[in-house]
Amino acid sequence: MTFSAPPAAISAPSPPSKALALPAAHRYDAVDALRGLAMVWMTVFHFCFDLSHFGLWPQNFRVDPFWTTQRTVIVSLFLFCAGLGQAIALHQGQGWRRFGRRWVQIAGCALLVSAGSLVMFPASFIYFGVLHGMAVMLLVARCTAGWGRWLWLTGLVAMALPWAAQQLLTGIWADAAPWFNGRALNWLGLVSRKPFTEDYVPVLPWLGVLWWGLAAGQWATRAHKSWLQWRLPAGLTLLATLGRWSLSYYMVHQPVMIGLLMAVVWVMGRT
């Protein structure tokens, strides 16, 4: 909506304000579609997991490379897009207040995920999953956005640290392994073995993926903005719409699918 200025305002130019100097907030369909693709892939993955959980299609999601590799790619897409989004938001002048509102939503949803998983999986509930990790990593990304090109190197180091920690904790630092493997510290990702939980997205190595997304977004907004403004084919617009509502969709899709499968299992007479 636009408003016409009164004659006095037209004849007497006002001094430039900081708000007017900032780029206008704008959604990039290409980034939203990439996030939407991750949502669709995640939905298929979770549906297969739910089928296995209810005994309708037994699969080993913990060790089978077919499933573990998919999970890695899906989480990577999510976090890379989160980094891209932060770069775009900062480029458009997003302040801490608006960032804080979104961060509170993510952190609140993370707590809901923990509560819901505690009911369904009491022995392996989610205490540091993708939303928990994202809440921490977004704060780190916000505070380190000024590192510029160094984000590529720090991202690489972040990805390598868990491997280095595992070598040390299974070798000369084995006495320290129980400390790093415990719930108080394993959210860092510097562990010798992964904890038993339904979703585990520690800060390391995943912060490295988000840092790379942030670095890529800064590079694109600076030198290749046309890539972000790529016009989507008509068939991909639904992906972009889904990507704009990623958090809401993430919170709703599993309860809906689990509820439907519970009904199917009940109709089939299984316990």
# chains A, B, ... in the order shown; residues from 1 in each chain; ligands from 1
call {"tool": "closest_atom_pairs", "arguments": {"of": "range 179-214 of chain A", "to": "range 80-91 of chain A", "cutoff": "12 Å", "atoms": "only C-alpha atoms", "output": "CSV"}}
result
residue,atom,partner,partner_atom,distance
A:Trp206,CA,A:Phe80,CA,9.3
A:Leu207,CA,A:Gly83,CA,9.4
A:Gly208,CA,A:Phe80,CA,9.1
A:Val209,CA,A:Phe80,CA,5.6
A:Leu210,CA,A:Gly83,CA,4.7
A:Trp211,CA,A:Gly83,CA,6.2
A:Trp212,CA,A:Phe80,CA,6.8
A:Gly213,CA,A:Gly83,CA,4.1
A:Leu214,CA,A:Gly83,CA,4.0
call {"tool": "write_last_selection", "arguments": {"atoms": "C-alpha atoms", "output": "PDB file, in the first residue's frame"}}
result
ATOM      1  CA  TRP A 206      26.439 -28.553  11.694  1.00  0.00           C
ATOM      2  CA  LEU A 207      27.453 -24.984  12.506  1.00  0.00           C
ATOM      3  CA  GLY A 208      29.936 -25.355   9.669  1.00  0.00           C
ATOM      4  CA  VAL A 209      27.099 -25.982   7.193  1.00  0.00           C
ATOM      5  CA  LEU A 210      25.182 -22.940   8.441  1.00  0.00           C
ATOM      6  CA  TRP A 211      28.365 -20.824   8.270  1.00  0.00           C
ATOM      7  CA  TRP A 212      28.844 -21.896   4.668  1.00  0.00           C
ATOM      8  CA  GLY A 213      25.245 -20.941   3.914  1.00  0.00           C
ATOM      9  CA  LEU A 214      25.869 -17.551   5.515  1.00  0.00           C
TER      10      LEU A 214
END
call {"tool": "closest_atom_pairs", "arguments": {"of": "range 33-101 of chain A", "to": "range 231-252 of chain A", "cutoff": "8 Å", "atoms": "only C-alpha atoms", "output": "Markdown table"}}
result
| residue | atom | partner | partner_atom | distance |
| --- | --- | --- | --- | --- |
| A:Ala33 | CA | A:Ala240 | CA | 3.8 |
| A:Leu34 | CA | A:Gly243 | CA | 7.3 |
| A:Arg35 | CA | A:Gly243 | CA | 4.9 |
| A:Gly36 | CA | A:Gly243 | CA | 4.0 |
| A:Leu37 | CA | A:Leu239 | CA | 6.2 |
| A:Met39 | CA | A:Ser246 | CA | 7.1 |
call {"tool": "write_last_selection", "arguments": {"atoms": "N, CA, C and O atoms", "output": "PDB file, in the first residue's frame"}}
result
ATOM      1  N   ALA A  33      12.225 -21.979  -2.358  1.00  0.00           N
ATOM      2  CA  ALA A  33      11.984 -23.252  -3.032  1.00  0.00           C
ATOM      3  C   ALA A  33      12.996 -24.306  -2.597  1.00  0.00           C
ATOM      4  O   ALA A  33      12.656 -25.486  -2.445  1.00  0.00           O
ATOM      5  N   LEU A  34      14.242 -23.892  -2.388  1.00  0.00           N
ATOM      6  CA  LEU A  34      15.257 -24.832  -1.919  1.00  0.00           C
ATOM      7  C   LEU A  34      14.888 -25.342  -0.527  1.00  0.00           C
ATOM      8  O   LEU A  34      15.005 -26.541  -0.234  1.00  0.00           O
ATOM      9  N   ARG A  35      14.417 -24.447   0.322  1.00  0.00           N
ATOM     10  CA  ARG A  35      13.951 -24.855   1.655  1.00  0.00           C
ATOM     11  C   ARG A  35      12.714 -25.744   1.533  1.00  0.00           C
ATOM     12  O   ARG A  35      12.555 -26.721   2.274  1.00  0.00           O
ATOM     13  N   GLY A  36      11.817 -25.416   0.601  1.00  0.00           N
ATOM     14  CA  GLY A  36      10.634 -26.234   0.383  1.00  0.00           C
ATOM     15  C   GLY A  36      10.994 -27.635  -0.092  1.00  0.00           C
ATOM     16  O   GLY A  36      10.350 -28.612   0.302  1.00  0.00           O
ATOM     17  N   LEU A  37      12.033 -27.743  -0.924  1.00  0.00           N
ATOM     18  CA  LEU A  37      12.493 -29.057  -1.362  1.00  0.00           C
ATOM     19  C   LEU A  37      12.950 -29.888  -0.169  1.00  0.00           C
ATOM     20  O   LEU A  37      12.626 -31.085  -0.074  1.00  0.00           O
ATOM     21  N   MET A  39      11.830 -29.599   2.817  1.00  0.00           N
ATOM     22  CA  MET A  39      10.633 -29.967   3.566  1.00  0.00           C
ATOM     23  C   MET A  39       9.950 -31.196   2.960  1.00  0.00           C
ATOM     24  O   MET A  39       9.515 -32.104   3.682  1.00  0.00           O
TER      25      MET A  39
END
call {"tool": "atom_distance", "arguments": {"atom1": "CA of Val130 in chain A", "atom2": "CA of Val201 in chain A"}}
result
5.1 Å
call {"tool": "residues_around", "arguments": {"residues": "Leu168 in chain A", "least_positions_apart": "5", "cutoff": "9 Å", "atoms": "only C-alpha atoms", "output": "list in words"}}
result
Trp163, Trp173, Ala174, Ala177 and Ser192 of chain A
call {"tool": "select_by_dssp", "arguments": {"residues": "range 46-216 of chain A", "states": "helix (DSSP H, G or I)", "output": "number ranges by chain"}}
result
A: 46-53, 65-91, 96-120, 130-147, 150-169, 174-181, 186-188, 203-216
call {"tool": "closest_residue", "arguments": {"among": "A:Cys109, A:Phe45, A:His132, A:Phe54", "to": "Ala263 in chain A", "atoms": "only C-alpha atoms"}}
result
A:Phe54
call {"tool": "atom_distance", "arguments": {"atom1": "CA of Ala107 in chain A", "atom2": "CA of Arg27 in chain A"}}
result
22.9 Å
call {"tool": "atom_distance", "arguments": {"atom1": "CA of Pro195 in chain A", "atom2": "CA of Leu118 in chain A"}}
result
15.3 Å
call {"tool": "residues_around", "arguments": {"residues": "Met159 in chain A", "least_positions_apart": "3", "cutoff": "7 Å", "atoms": "only C-alpha atoms", "output": "ChimeraX atom specification"}}
result
/A:155-156,162,204-206,208
call {"tool": "write_last_selection", "arguments": {"atoms": "C-alpha atoms", "output": "PDB file, in the first residue's frame"}}
result
ATOM      1  CA  GLY A 155      32.982 -23.651   8.540  1.00  0.00           C
ATOM      2  CA  LEU A 156      35.530 -26.184   7.367  1.00  0.00           C
ATOM      3  CA  PRO A 162      34.046 -33.742  15.594  1.00  0.00           C
ATOM      4  CA  LEU A 204      29.465 -29.236  15.567  1.00  0.00           C
ATOM      5  CA  PRO A 205      29.762 -30.113  12.715  1.00  0.00           C
ATOM      6  CA  TRP A 206      26.439 -28.553  11.694  1.00  0.00           C
ATOM      7  CA  GLY A 208      29.936 -25.355   9.669  1.00  0.00           C
TER       8      GLY A 208
END
call {"tool": "closest_residue", "arguments": {"among": "A:Met42, A:Cys48, A:Leu138, A:Ala30", "to": "Phe61 in chain A", "atoms": "only C-alpha atoms"}}
result
A:Cys48
call {"tool": "closest_residue", "arguments": {"among": "A:Ser117, A:Thr221, A:Thr170, A:Gln229", "to": "Val31 in chain A", "atoms": "only C-alpha atoms"}}
result
A:Gln229
